[in-house]
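Asker: My structure is stored as protein-v2.pdb, with PDB, C-alpha atoms.
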```
ATOM      1  CA  MET B   1     -40.153 -23.104 -21.567
ATOM      2  CA  LEU B   2     -39.511 -27.248 -20.991
ATOM      3  CA  CYS B   3     -41.749 -38.446 -24.226
ATOM      4  CA  GLY B   4     -42.635 -41.398 -25.379
ATOM      5  CA  SER B   5     -45.820 -43.386 -25.490
ATOM      6  CA  LEU B   6     -46.465 -46.642 -23.705
ATOM      7  CA  ALA B   7     -48.586 -49.308 -25.434
ATOM      8  CA  LEU B   8     -50.575 -51.656 -23.184
ATOM      9  CA  THR B   9     -51.703 -55.070 -24.516
ATOM     10  CA  LEU B  10     -54.699 -56.619 -22.746
ATOM     11  CA  ALA B  11     -55.359 -60.387 -23.042
ATOM     12  CA  ALA B  12     -59.026 -61.401 -23.433
ATOM     13  CA  CYS B  13     -60.257 -64.055 -20.962
ATOM     14  CA  ALA B  14     -63.715 -64.740 -22.390
ATOM     15  CA  GLY B  15     -64.294 -67.325 -25.128
ATOM     16  CA  PRO B  16     -66.120 -66.550 -28.369
ATOM     17  CA  ARG B  17     -69.585 -67.226 -26.888
ATOM     18  CA  ASP B  18     -68.952 -64.934 -23.889
ATOM     19  CA  ALA B  19     -67.359 -62.074 -25.736
ATOM     20  CA  GLU B  20     -69.343 -58.853 -25.959
ATOM     21  CA  PRO B  21     -69.537 -56.931 -29.211
ATOM     22  CA  PRO B  22     -66.860 -54.247 -29.475
ATOM     23  CA  ALA B  23     -67.848 -50.840 -28.196
ATOM     24  CA  LYS B  24     -68.419 -48.179 -30.781
ATOM     25  CA  PRO B  25     -65.552 -45.712 -30.922
ATOM     26  CA  GLN B  26     -66.326 -42.380 -29.300
ATOM     27  CA  ALA B  27     -65.360 -39.111 -30.855
ATOM     28  CA  ARG B  28     -62.576 -37.331 -29.001
ATOM     29  CA  ALA B  29     -63.452 -34.045 -27.418
ATOM     30  CA  THR B  30     -61.405 -31.234 -28.862
ATOM     31  CA  THR B  31     -60.481 -28.111 -26.950
ATOM     32  CA  ALA B  32     -60.144 -24.971 -29.006
ATOM     33  CA  ALA B  33     -57.103 -22.822 -28.320
ATOM     34  CA  PRO B  34     -57.991 -19.701 -26.313
ATOM     35  CA  THR B  35     -58.405 -16.519 -28.330
ATOM     36  CA  ARG B  36     -56.716 -14.517 -25.529
ATOM     37  CA  ILE B  37     -53.523 -15.101 -23.575
ATOM     38  CA  PRO B  38     -54.713 -16.961 -20.438
ATOM     39  CA  ASP B  39     -54.775 -15.089 -17.120
ATOM     40  CA  ILE B  40     -53.977 -11.744 -18.754
ATOM     41  CA  GLY B  41     -56.556  -9.015 -18.159
ATOM     42  CA  ASP B  42     -57.912  -6.489 -20.640
ATOM     43  CA  ARG B  43     -55.392  -3.808 -19.655
ATOM     44  CA  PHE B  44     -52.469  -5.892 -20.892
ATOM     45  CA  GLN B  45     -54.298  -7.775 -23.640
ATOM     46  CA  ARG B  46     -54.864  -4.419 -25.358
ATOM     47  CA  ARG B  47     -51.135  -3.689 -25.262
ATOM     48  CA  ILE B  48     -50.215  -6.804 -27.231
ATOM     49  CA  PRO B  49     -49.630  -5.637 -30.829
ATOM     50  CA  ALA B  50     -52.143  -6.923 -33.365
ATOM     51  CA  ASP B  51     -49.350  -8.429 -35.490
ATOM     52  CA  ALA B  52     -47.746 -10.372 -32.606
ATOM     53  CA  ARG B  53     -47.775 -14.132 -33.247
ATOM     54  CA  GLN B  54     -45.492 -15.135 -30.360
ATOM     55  CA  VAL B  55     -45.970 -14.096 -26.736
ATOM     56  CA  VAL B  56     -43.616 -14.937 -23.880
ATOM     57  CA  ALA B  57     -45.766 -14.613 -20.744
ATOM     58  CA  VAL B  58     -43.919 -14.269 -17.437
ATOM     59  CA  TYR B  59     -46.280 -15.015 -14.553
ATOM     60  CA  GLY B  60     -44.724 -13.873 -11.280
ATOM     61  CA  ASP B  61     -45.671 -15.775  -8.119
ATOM     62  CA  GLY B  62     -46.332 -12.535  -6.222
ATOM     63  CA  VAL B  63     -45.618  -8.828  -6.207
ATOM     64  CA  ASP B  64     -42.690  -9.313  -3.801
ATOM     65  CA  ALA B  65     -41.629 -12.803  -4.952
ATOM     66  CA  PRO B  66     -38.553 -13.682  -7.069
ATOM     67  CA  ASP B  67     -40.081 -16.823  -8.585
ATOM     68  CA  SER B  68     -42.098 -17.033 -11.778
ATOM     69  CA  THR B  69     -43.276 -19.250 -14.621
ATOM     70  CA  VAL B  70     -42.557 -18.481 -18.259
ATOM     71  CA  VAL B  71     -44.964 -19.708 -20.945
ATOM     72  CA  LEU B  72     -44.480 -19.361 -24.696
ATOM     73  CA  TYR B  73     -47.722 -18.929 -26.633
ATOM     74  CA  THR B  74     -47.919 -19.175 -30.419
ATOM     75  CA  LYS B  75     -50.836 -17.769 -32.385
ATOM     76  CA  ARG B  76     -52.420 -20.096 -34.930
ATOM     77  CA  GLY B  77     -55.418 -18.634 -36.695
ATOM     78  CA  THR B  78     -57.397 -16.847 -33.992
ATOM     79  CA  GLY B  79     -56.206 -19.045 -31.111
ATOM     80  CA  TRP B  80     -53.135 -19.062 -28.875
ATOM     81  CA  ASP B  81     -51.397 -22.418 -28.411
ATOM     82  CA  ARG B  82     -49.438 -23.033 -25.210
ATOM     83  CA  THR B  83     -46.143 -24.119 -26.782
ATOM     84  CA  ARG B  84     -43.693 -24.551 -23.863
ATOM     85  CA  SER B  85     -43.347 -23.534 -20.226
ATOM     86  CA  TRP B  86     -40.458 -23.259 -17.769
ATOM     87  CA  SER B  87     -39.714 -22.295 -14.174
ATOM     88  CA  ALA B  88     -37.915 -18.962 -13.954
ATOM     89  CA  HIS B  89     -36.770 -16.131 -11.689
ATOM     90  CA  ASN B  90     -37.389 -12.391 -11.778
ATOM     91  CA  GLY B  91     -36.229  -9.473  -9.648
ATOM     92  CA  LYS B  92     -35.100 -10.360  -6.117
ATOM     93  CA  LYS B  93     -37.742  -8.040  -4.638
ATOM     94  CA  GLY B  94     -40.481  -8.930  -7.114
ATOM     95  CA  TRP B  95     -42.253  -6.589  -9.522
ATOM     96  CA  THR B  96     -43.029  -2.904 -10.033
ATOM     97  CA  THR B  97     -45.086  -0.759 -12.419
ATOM     98  CA  ASP B  98     -42.557   2.074 -11.902
ATOM     99  CA  HIS B  99     -39.121   0.520 -12.279
ATOM    100  CA  HIS B 100     -36.049   2.515 -11.288
ATOM    101  CA  GLU B 101     -32.360   1.711 -11.410
ATOM    102  CA  GLY B 102     -31.298  -0.477  -8.488
ATOM    103  CA  ASP B 103     -34.748  -1.259  -7.074
ATOM    104  CA  LYS B 104     -34.220  -5.029  -7.611
ATOM    105  CA  ARG B 105     -37.719  -5.336  -9.107
ATOM    106  CA  SER B 106     -38.665  -6.366 -12.636
ATOM    107  CA  PRO B 107     -40.799  -3.946 -14.676
ATOM    108  CA  VAL B 108     -44.424  -4.924 -15.276
ATOM    109  CA  GLY B 109     -45.618  -4.472 -18.845
ATOM    110  CA  VAL B 110     -45.678  -5.570 -22.472
ATOM    111  CA  PHE B 111     -42.395  -5.202 -24.343
ATOM    112  CA  THR B 112     -41.136  -6.229 -27.772
ATOM    113  CA  LEU B 113     -38.280  -8.722 -28.217
ATOM    114  CA  THR B 114     -36.029  -7.723 -31.092
ATOM    115  CA  ASP B 115     -32.363  -8.481 -30.310
ATOM    116  CA  ALA B 116     -30.233 -11.217 -28.766
ATOM    117  CA  GLY B 117     -26.621 -12.027 -28.019
ATOM    118  CA  GLY B 118     -24.244 -13.480 -25.495
ATOM    119  CA  VAL B 119     -20.820 -14.862 -24.722
ATOM    120  CA  LEU B 120     -21.460 -18.139 -26.553
ATOM    121  CA  LYS B 121     -21.695 -18.602 -30.288
ATOM    122  CA  ASP B 122     -25.053 -18.196 -31.989
ATOM    123  CA  PRO B 123     -27.095 -21.376 -31.322
ATOM    124  CA  GLY B 124     -29.250 -20.776 -34.390
ATOM    125  CA  ALA B 125     -31.150 -17.694 -33.252
ATOM    126  CA  LYS B 126     -33.754 -16.170 -35.523
ATOM    127  CA  LEU B 127     -33.433 -12.788 -33.791
ATOM    128  CA  PRO B 128     -30.316 -10.765 -34.693
ATOM    129  CA  TYR B 129     -27.555 -12.225 -32.478
ATOM    130  CA  THR B 130     -24.436 -10.419 -31.278
ATOM    131  CA  ARG B 131     -21.661 -12.582 -29.873
ATOM    132  CA  SER B 132     -19.158 -10.702 -27.740
ATOM    133  CA  VAL B 133     -16.904 -11.189 -24.711
ATOM    134  CA  ALA B 134     -18.341  -7.865 -23.557
ATOM    135  CA  PHE B 135     -21.307  -9.867 -22.217
ATOM    136  CA  THR B 136     -19.042 -11.718 -19.771
ATOM    137  CA  ALA B 137     -20.285 -11.376 -16.190
ATOM    138  CA  PRO B 138     -17.814  -9.658 -13.820
ATOM    139  CA  ARG B 139     -15.561 -12.171 -12.105
ATOM    140  CA  TRP B 140     -16.052 -10.413  -8.782
ATOM    141  CA  TRP B 141     -19.630 -11.712  -8.863
ATOM    142  CA  ALA B 142     -20.372 -15.055  -7.214
ATOM    143  CA  LYS B 143     -19.178 -17.935  -9.398
ATOM    144  CA  SER B 144     -22.765 -19.164  -9.736
ATOM    145  CA  HIS B 145     -23.497 -15.970 -11.725
ATOM    146  CA  TRP B 146     -20.581 -16.203 -14.183
ATOM    147  CA  HIS B 147     -22.659 -17.766 -16.951
ATOM    148  CA  ASP B 148     -25.727 -15.527 -16.608
ATOM    149  CA  PHE B 149     -25.081 -13.793 -19.915
ATOM    150  CA  ASP B 150     -23.897 -16.720 -22.013
ATOM    151  CA  TYR B 151     -27.229 -16.234 -23.816
ATOM    152  CA  VAL B 152     -29.433 -13.149 -23.559
ATOM    153  CA  ILE B 153     -32.538 -11.761 -25.252
ATOM    154  CA  ALA B 154     -33.102  -8.047 -24.807
ATOM    155  CA  ILE B 155     -36.436  -6.939 -23.377
ATOM    156  CA  ASP B 156     -37.203  -3.631 -25.083
ATOM    157  CA  TYR B 157     -37.561  -1.604 -21.896
ATOM    158  CA  ASN B 158     -35.808   1.802 -22.050
ATOM    159  CA  ARG B 159     -33.526   0.768 -24.900
ATOM    160  CA  VAL B 160     -33.085   1.310 -28.626
ATOM    161  CA  ARG B 161     -34.480  -1.540 -30.715
ATOM    162  CA  GLY B 162     -32.206  -2.959 -33.379
ATOM    163  CA  THR B 163     -29.044  -2.561 -31.304
ATOM    164  CA  PRO B 164     -27.096  -5.248 -29.377
ATOM    165  CA  PRO B 165     -28.614  -6.050 -25.971
ATOM    166  CA  ASN B 166     -25.684  -4.435 -24.156
ATOM    167  CA  ASP B 167     -26.013  -1.093 -25.973
ATOM    168  CA  PRO B 168     -25.977   1.426 -23.079
ATOM    169  CA  THR B 169     -28.387   3.968 -24.614
ATOM    170  CA  ARG B 170     -31.393   4.631 -22.341
ATOM    171  CA  PRO B 171     -33.899   6.928 -24.067
ATOM    172  CA  GLU B 172     -35.852   7.636 -20.847
ATOM    173  CA  GLY B 173     -32.728   8.346 -18.824
ATOM    174  CA  ASP B 174     -30.513   6.292 -16.532
ATOM    175  CA  GLY B 175     -32.873   6.667 -13.580
ATOM    176  CA  LYS B 176     -35.483   4.467 -15.272
ATOM    177  CA  GLY B 177     -33.051   1.570 -15.410
ATOM    178  CA  GLY B 178     -32.237  -0.595 -18.385
ATOM    179  CA  GLY B 179     -30.408  -3.695 -19.496
ATOM    180  CA  ILE B 180     -33.496  -5.807 -18.758
ATOM    181  CA  TRP B 181     -32.966  -9.195 -20.382
ATOM    182  CA  LEU B 182     -34.079 -12.772 -20.563
ATOM    183  CA  HIS B 183     -30.895 -14.589 -19.593
ATOM    184  CA  MET B 184     -29.460 -17.756 -18.065
ATOM    185  CA  ASP B 185     -30.566 -18.707 -14.571
ATOM    186  CA  HIS B 186     -28.316 -18.940 -11.508
ATOM    187  CA  GLY B 187     -30.961 -20.383  -9.192
ATOM    188  CA  SER B 188     -32.271 -17.249  -7.464
ATOM    189  CA  GLY B 189     -33.706 -13.774  -8.041
ATOM    190  CA  THR B 190     -32.087 -11.226 -10.354
ATOM    191  CA  SER B 191     -31.409  -7.496 -10.335
ATOM    192  CA  ALA B 192     -34.456  -6.964 -12.612
ATOM    193  CA  CYS B 193     -34.130  -9.459 -15.470
ATOM    194  CA  VAL B 194     -35.966 -12.738 -16.049
ATOM    195  CA  SER B 195     -33.736 -15.817 -15.921
ATOM    196  CA  LEU B 196     -34.310 -19.301 -17.352
ATOM    197  CA  SER B 197     -32.415 -22.551 -17.813
ATOM    198  CA  ARG B 198     -29.895 -22.913 -20.620
ATOM    199  CA  SER B 199     -32.188 -25.303 -22.505
ATOM    200  CA  ALA B 200     -35.058 -22.814 -22.251
ATOM    201  CA  MET B 201     -32.886 -19.974 -23.553
ATOM    202  CA  GLU B 202     -31.658 -22.091 -26.459
ATOM    203  CA  TYR B 203     -35.231 -23.017 -27.342
ATOM    204  CA  LEU B 204     -36.402 -19.399 -27.243
ATOM    205  CA  LEU B 205     -33.442 -18.218 -29.295
ATOM    206  CA  ARG B 206     -34.148 -20.805 -31.966
ATOM    207  CA  THR B 207     -37.898 -20.181 -31.911
ATOM    208  CA  LEU B 208     -38.581 -16.466 -31.475
ATOM    209  CA  ASP B 209     -38.917 -15.105 -34.984
ATOM    210  CA  PRO B 210     -38.874 -11.411 -35.934
ATOM    211  CA  ASP B 211     -41.395 -12.201 -38.673
ATOM    212  CA  ARG B 212     -43.818 -13.225 -35.899
ATOM    213  CA  HIS B 213     -43.225 -10.000 -33.936
ATOM    214  CA  PRO B 214     -42.578 -11.597 -30.527
ATOM    215  CA  VAL B 215     -43.379  -9.738 -27.315
ATOM    216  CA  VAL B 216     -43.050 -10.454 -23.604
ATOM    217  CA  VAL B 217     -45.943  -9.856 -21.197
ATOM    218  CA  MET B 218     -44.535  -9.827 -17.676
ATOM    219  CA  GLY B 219     -45.581  -9.135 -14.106
ATOM    220  CA  ASP B 220     -46.983 -10.699 -10.965
ATOM    221  CA  ARG B 221     -50.076 -12.805 -11.586
ATOM    222  CA  ALA B 222     -52.471 -10.490  -9.747
ATOM    223  CA  ASP B 223     -51.343  -7.407 -11.662
ATOM    224  CA  LEU B 224     -51.423  -9.187 -15.023
ATOM    225  CA  ALA B 225     -54.945 -10.451 -14.435
ATOM    226  CA  GLY B 226     -56.250  -7.088 -13.242
TER
END
```
Let me see the file written as structure tokens.
Answerer:
Amino acid sequence: MLCGSLALTLAACAGPRDAEPPAKPQARATTAAPTRIPDIGDRFQRRIPADARQVVAVYGDGVDAPDSTVVLYTKRGTGWDRTRSWSAHNGKKGWTTDHHEGDKRSPVGVFTLTDAGGVLKDPGAKLPYTRSVAFTAPRWWAKSHWHDFDYVIAIDYNRVRGTPPNDPTRPEGDGKGGGIWLHMDHGSGTSACVSLSRSAMEYLLRTLDPDRHPVVVMGDRADLAG
């Protein structure tokens, strides 16, 4: 989520008598933005709230795969613009439609995005942002994981909206898991969260706007398209 232009000058070889008249300019073909989120089937399209103007789509590589692609779509008029995309990771064991605590799979579904936070200071987030050392990853974890929660965005799965991402309340019970976040990537699969690069997290934090009612649509590609 992820230039400059190069100008080429061509020298003409023909003299005035040999030169052909300039070609008439052709109209550029324009491609209308899709009116649906690409590669998302009816089952999940219907779950996207009518007032949502930002969708973070997480396309998993496979039901048992830890790799995925995250695409941010922004609604303009009736069409959805592909705004940015990034490589990402999801649960170590892939995806599930019936997530439980400790299964190492990310939950498939459509969830709102309402709250953010992390160890680092607010980078300019539009979502309510809670900075706290309480987000610090345990130091008994591998060192590569120590910065996982420098930035996080809560995925509203089994949590109370409007609270900090690390609020422990789980309305559906502890067995259904919780603490599912977008967070910083450590280069491999997660316990159940979706992880992205620091630059991607900073972009999302500065872009996701509560006034646009952002949601995440997440799952393996086959399930999402079904």
Asker: Between CA of Val71 (chain B) and CA of Arg46 (chain B), what is the spacing in Å?
Answerer: 18.7 Å
Asker: Going by the chain IDs and residue numbers used in this file, which residues fall under the PyMOL selection byres ((chain B and resi 38) around 12)? Write them as a ChimeraX atom specification.
Answerer: /B:33-37,39-42,44-45,55-59,71-73,79-82,217,221,224-225
Asker: Enumerate, as a list in words, the residues matched when the PyMOL selection byres ((chain B and resi 54) around 7) is run on the file above.
Answerer: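 That expression, the PyMOL selection byres ((chain B and resi 54) around 7), corresponds here to Ala52, Arg53, Val55, Val56, Tyr73, Thr74, Lys75, Arg212, His213, Pro214 and Val215 of chain B.
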Asker: Given the choices B:Tyr129, B:Tyr157, B:Trp95, B:Trp146, which gets closest to Gly62 (chain B) if the distance is worked out from all atoms listed in the file?
Answerer: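 Of all the options, B:Trp95 lies closest to Gly62 (chain B).
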Asker: Could you spell out the hits of the PyMOL selection byres ((chain B and resi 109) around 6) on the shown file, as an mmCIF file with C-alpha atoms, in the frame of the given file?
Answerer:
```cif
data_model
loop_
_atom_site.group_PDB
_atom_site.id
_atom_site.type_symbol
_atom_site.label_atom_id
_atom_site.label_comp_id
_atom_site.auth_asym_id
_atom_site.auth_seq_id
_atom_site.Cartn_x
_atom_site.Cartn_y
_atom_site.Cartn_z
ATOM 1 C CA VAL B 108 -44.424 -4.924 -15.276
ATOM 2 C CA VAL B 110 -45.678 -5.570 -22.472
ATOM 3 C CA VAL B 217 -45.943 -9.856 -21.197
ATOM 4 C CA MET B 218 -44.535 -9.827 -17.676
#
```
Asker: Could you check which of B:Ser195, B:Val63, B:Ala125, B:Leu120 is closest to Ala222 (chain B), using only C-alpha atoms?
Answerer: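 Counting only C-alpha atoms, the residue closest to Ala222 (chain B) is B:Val63.
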Asker: Give me, please, the distance in Å between CA of Gly189 (chain B) and CA of His145 (chain B), quoted to one decimal.
Answerer: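 Here the two named atoms are 11.1 Å from each other.
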Asker: Just the residues within 12 Å of Phe135 (chain B), please, counting only C-alpha atoms, with nothing from its chain fewer than 4 positions along; format it as a compact mmCIF listing (two decimals) with C-alpha atoms, in the frame of the given file.
Answerer:
```txt
# COMPACT_ATOMS: atom_id res chain seq x y z
CA ALA B 116 -30.23 -11.22 -28.77
CA GLY B 117 -26.62 -12.03 -28.02
CA GLY B 118 -24.24 -13.48 -25.50
CA VAL B 119 -20.82 -14.86 -24.72
CA LEU B 120 -21.46 -18.14 -26.55
CA LYS B 121 -21.70 -18.60 -30.29
CA THR B 130 -24.44 -10.42 -31.28
CA ARG B 131 -21.66 -12.58 -29.87
CA ARG B 139 -15.56 -12.17 -12.10
CA TRP B 146 -20.58 -16.20 -14.18
CA HIS B 147 -22.66 -17.77 -16.95
CA ASP B 148 -25.73 -15.53 -16.61
CA PHE B 149 -25.08 -13.79 -19.92
CA ASP B 150 -23.90 -16.72 -22.01
CA TYR B 151 -27.23 -16.23 -23.82
CA VAL B 152 -29.43 -13.15 -23.56
CA ILE B 153 -32.54 -11.76 -25.25
CA PRO B 164 -27.10 -5.25 -29.38
CA PRO B 165 -28.61 -6.05 -25.97
CA ASN B 166 -25.68 -4.43 -24.16
CA ASP B 167 -26.01 -1.09 -25.97
CA GLY B 179 -30.41 -3.70 -19.50
CA TRP B 181 -32.97 -9.20 -20.38
CA HIS B 183 -30.90 -14.59 -19.59
```
Asker: Quick check, in Å to one decimal: how far apart do CA of Pro138 (chain B) and CA of Ser197 (chain B) lie?
Answerer: 19.9 Å
Asker: Given the choices B:Ser85, B:Asp223, B:Ala142, B:Thr96, which gets closest to Arg43 (chain B) if the distance is worked out from all atoms listed in the file?
Answerer: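 Going through B:Ser85, B:Asp223, B:Ala142, B:Thr96 one by one, the smallest distance to Arg43 (chain B) is for B:Asp223.
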Asker: Have a look at B:Asp64, B:Asp209, B:Asp51, B:Asp122 and name the one nearest to Lys92 (chain B); count only C-alpha atoms.
Answerer: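 Going through B:Asp64, B:Asp209, B:Asp51, B:Asp122 one by one, the smallest distance to Lys92 (chain B) is for B:Asp64.
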Asker: Considering only C-alpha atoms, can you say which of B:Val216, B:Gly187, B:Lys176, B:Val70 comes closest to Pro49 (chain B)?
Answerer: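 Of all the options, B:Val216 lies closest to Pro49 (chain B).
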Asker: Could region 36-55 of chain B be completed with N, CA, C and O atoms and returned as a compact mmCIF listing (two decimals), in the frame of the given file?
Answerer:
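Written file, selection13.txt:
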```
# COMPACT_ATOMS: atom_id res chain seq x y z
N ARG B 36 -57.45 -15.51 -26.32
CA ARG B 36 -56.72 -14.52 -25.53
C ARG B 36 -55.61 -15.24 -24.77
O ARG B 36 -55.71 -16.43 -24.51
N ILE B 37 -54.57 -14.51 -24.40
CA ILE B 37 -53.52 -15.10 -23.58
C ILE B 37 -54.12 -15.38 -22.19
O ILE B 37 -54.65 -14.46 -21.56
N PRO B 38 -54.08 -16.63 -21.73
CA PRO B 38 -54.71 -16.96 -20.44
C PRO B 38 -54.18 -16.14 -19.27
O PRO B 38 -52.98 -15.83 -19.20
N ASP B 39 -55.10 -15.78 -18.37
CA ASP B 39 -54.78 -15.09 -17.12
C ASP B 39 -54.15 -13.71 -17.32
O ASP B 39 -53.43 -13.20 -16.46
N ILE B 40 -54.42 -13.11 -18.48
CA ILE B 40 -53.98 -11.74 -18.75
C ILE B 40 -55.22 -10.89 -18.94
O ILE B 40 -56.05 -11.17 -19.80
N GLY B 41 -55.37 -9.86 -18.11
CA GLY B 41 -56.56 -9.02 -18.16
C GLY B 41 -56.58 -8.07 -19.35
O GLY B 41 -55.60 -7.95 -20.11
N ASP B 42 -57.71 -7.38 -19.49
CA ASP B 42 -57.91 -6.49 -20.64
C ASP B 42 -56.83 -5.43 -20.76
O ASP B 42 -56.42 -5.07 -21.87
N ARG B 43 -56.37 -4.90 -19.63
CA ARG B 43 -55.39 -3.81 -19.66
C ARG B 43 -54.14 -4.21 -20.43
O ARG B 43 -53.59 -3.43 -21.21
N PHE B 44 -53.68 -5.43 -20.21
CA PHE B 44 -52.47 -5.89 -20.89
C PHE B 44 -52.77 -6.56 -22.23
O PHE B 44 -51.95 -6.50 -23.14
N GLN B 45 -53.92 -7.20 -22.34
CA GLN B 45 -54.30 -7.78 -23.64
C GLN B 45 -54.29 -6.70 -24.72
O GLN B 45 -53.86 -6.93 -25.85
N ARG B 46 -54.79 -5.51 -24.38
CA ARG B 46 -54.86 -4.42 -25.36
C ARG B 46 -53.49 -3.93 -25.77
O ARG B 46 -53.34 -3.31 -26.84
N ARG B 47 -52.48 -4.17 -24.95
CA ARG B 47 -51.14 -3.69 -25.26
C ARG B 47 -50.36 -4.65 -26.17
O ARG B 47 -49.29 -4.31 -26.66
N ILE B 48 -50.88 -5.85 -26.35
CA ILE B 48 -50.22 -6.80 -27.23
C ILE B 48 -50.46 -6.38 -28.67
O ILE B 48 -51.62 -6.26 -29.10
N PRO B 49 -49.43 -6.11 -29.45
CA PRO B 49 -49.63 -5.64 -30.83
C PRO B 49 -50.45 -6.62 -31.66
O PRO B 49 -50.36 -7.84 -31.47
N ALA B 50 -51.26 -6.09 -32.55
CA ALA B 50 -52.14 -6.92 -33.36
C ALA B 50 -51.37 -7.90 -34.24
O ALA B 50 -51.87 -8.98 -34.56
N ASP B 51 -50.12 -7.55 -34.61
CA ASP B 51 -49.35 -8.43 -35.49
C ASP B 51 -48.50 -9.44 -34.73
O ASP B 51 -47.79 -10.25 -35.34
N ALA B 52 -48.54 -9.43 -33.40
CA ALA B 52 -47.75 -10.37 -32.61
C ALA B 52 -48.29 -11.79 -32.79
O ALA B 52 -49.49 -12.02 -32.63
N ARG B 53 -47.40 -12.73 -33.10
CA ARG B 53 -47.78 -14.13 -33.25
C ARG B 53 -47.05 -15.02 -32.24
O ARG B 53 -47.27 -16.22 -32.19
N GLN B 54 -46.17 -14.42 -31.44
CA GLN B 54 -45.49 -15.14 -30.36
C GLN B 54 -45.50 -14.26 -29.12
O GLN B 54 -45.14 -13.07 -29.19
N VAL B 55 -45.94 -14.83 -28.00
CA VAL B 55 -45.97 -14.10 -26.74
C VAL B 55 -45.26 -14.93 -25.67
O VAL B 55 -45.61 -16.10 -25.46
```
